[in-house]
Structures are given as C-alpha cells and as structure tokens.
Amino acid sequence: MGAQKELRSSFFLVFSGARYKLLFAALLIALTLLYFTLTNVFLFGTLTLNPSLKIPDAFLIFCISALSSLGFTIFAYRFFAIGSLSATKASAGGSLLGIFASACPVCQPICFLWLGLGSVSLFLVDYSFYIALASVLLLLYANYASLRSLRGCPLPKRKPAK
C-alpha cells in the first residue's frame with residue numbers, strides 16, 4: 001500500500017505545475033495525430049478514418065500515445081525541475097514499437113514505405129495486436145520506473161570537487 005501512495009504522490013508532483021499539464025495535453029494531441037497517421041488509423045489523404053479499422057487496435061494505439069506523452073512529461077519534469085537527464089530505455093522502445101503496431105495488406109505503415117520496405121511489413125498483419133500490447137506494457141513499465149525513481153533523493157547529484 002505504501003508503494004501505491006508513493007507512485008500517486010510522484011504522479012501528482014509531476015502534474016503540480018500548470019506547464020506540465022499543458023505539455024502533457026499538447027504532447028497527447030500531437031502524438032495521437034502522429035501515431036494515428038503512421039499506423040493508418042486516420043487516412044491523411046482523404047481525411048477519414050480507416051474503413052477496416054478495428055476498435056481494439058485503435059484503442060491500443062491511443063494508449064500508446066497517452067503513455068508516451070506521460071513518459072515525455074515525466075522526463076521534462078525530471079530535466080527542468082530536478083536537473084536529471086536519465087530516462088529508461090523501455091520508454092523509447094515502447095514509443096518506437098508503437099509505430100509498427102498496425103499493418104494491413106493493402107495499406108502498409110507509412111514508415112516502411114519511406115524506407116522502401118513496404119512488403120516486409122506483411123508479417124505484421126497477424127501480430128499487430130501483440131506488438132501494440134507489448135508496446136503498452138513497455139510504456140507502463142517505463143512510466144512506473146520513472147515515477148518510482150522520482151521519490152529517491154530530491155536533490156540533483158553533484159560531481160565531487162577535485
């Protein structure tokens with residue numbers, strides 16, 4: 001029970017400032033549009049939703065963008081308020097994995113087409129749900145580790161004088 005209180009207080013500590021709330025909202029909007037475009041949930045050329053869209057897949061993509069926004073907000077708080085530049089590798093891995101979470105045989109993810117690897121992504125069709133789920137789990141762990149580490153020492157680490 002004590003660990004939950006520490007996580008909750010760390011969460012509220014990050015969002016105690018108005019600029020971090022605003023940063024989270026801006027990142028959420030930007031990353032949601034980016035992920036929805038890159039994973040073909042939103043068809044940018046026609047300004048419509050993908051007709052073959054599956055609701056659980058779209059929900060997982062939204063969760064990825066929300067958790068990525070939270071991770072970036074925690075990182076910004078650590079950088080500006082505490083002066084620490086540490087970030088977890090799981091956060092970056094989860095965010096990048098989210099880009100590859102949705103694929104269909106007709107409309108490949110845009111990032112593969114940019115790289116000239118459109119046909120390589122055909123294997124993602126069967127595993128896109130599991131890739132998105134793995135991305136969400138990685139981001140949950142990264143945000144948990146980031147929030148947990150906020151309650152360590154409130155002072156920034158200093159280099160010893162020579």
# chains A, B, ... in the order shown; residues from 1 in each chain; ligands from 1
>>> residues_around(residues="A:Leu27", least_positions_apart="6", cutoff="9 Å", atoms="only C-alpha atoms", output="PDB file with C-alpha atoms, in the first residue's frame")
ATOM      1  CA  SER A  65       0.238   7.822 -27.470  1.00  0.00           C
ATOM      2  CA  ALA A  66      -1.120   8.643 -23.980  1.00  0.00           C
ATOM      3  CA  SER A  68       4.277   8.103 -24.457  1.00  0.00           C
ATOM      4  CA  SER A  69       3.008  11.601 -23.630  1.00  0.00           C
ATOM      5  CA  LEU A  70       3.124  10.764 -19.938  1.00  0.00           C
ATOM      6  CA  PHE A  72       7.853  12.575 -22.089  1.00  0.00           C
ATOM      7  CA  THR A  73       6.152  14.763 -19.460  1.00  0.00           C
TER       8      THR A  73
END
>>> select_by_dssp(residues="stretch 4-72 of chain A", states="alpha helix (DSSP H)", output="ChimeraX atom specification")
/A:4-14,18-38,55-72
>>> closest_residue(among="A:Ala76, A:Thr39, A:Lys5, A:Tyr130", to="A:Leu22", atoms="only C-alpha atoms")
A:Ala76
>>> residues_around(residues="A:Gly17", least_positions_apart="2", cutoff="12 Å", atoms="only C-alpha atoms", output="list of chain:residue names")
A:Phe11, A:Phe12, A:Leu13, A:Val14, A:Phe15, A:Arg19, A:Tyr20, A:Lys21, A:Leu22, A:Leu23, A:Phe24, A:Thr73, A:Ile74, A:Ala76, A:Tyr77, A:Phe80, A:Ala81
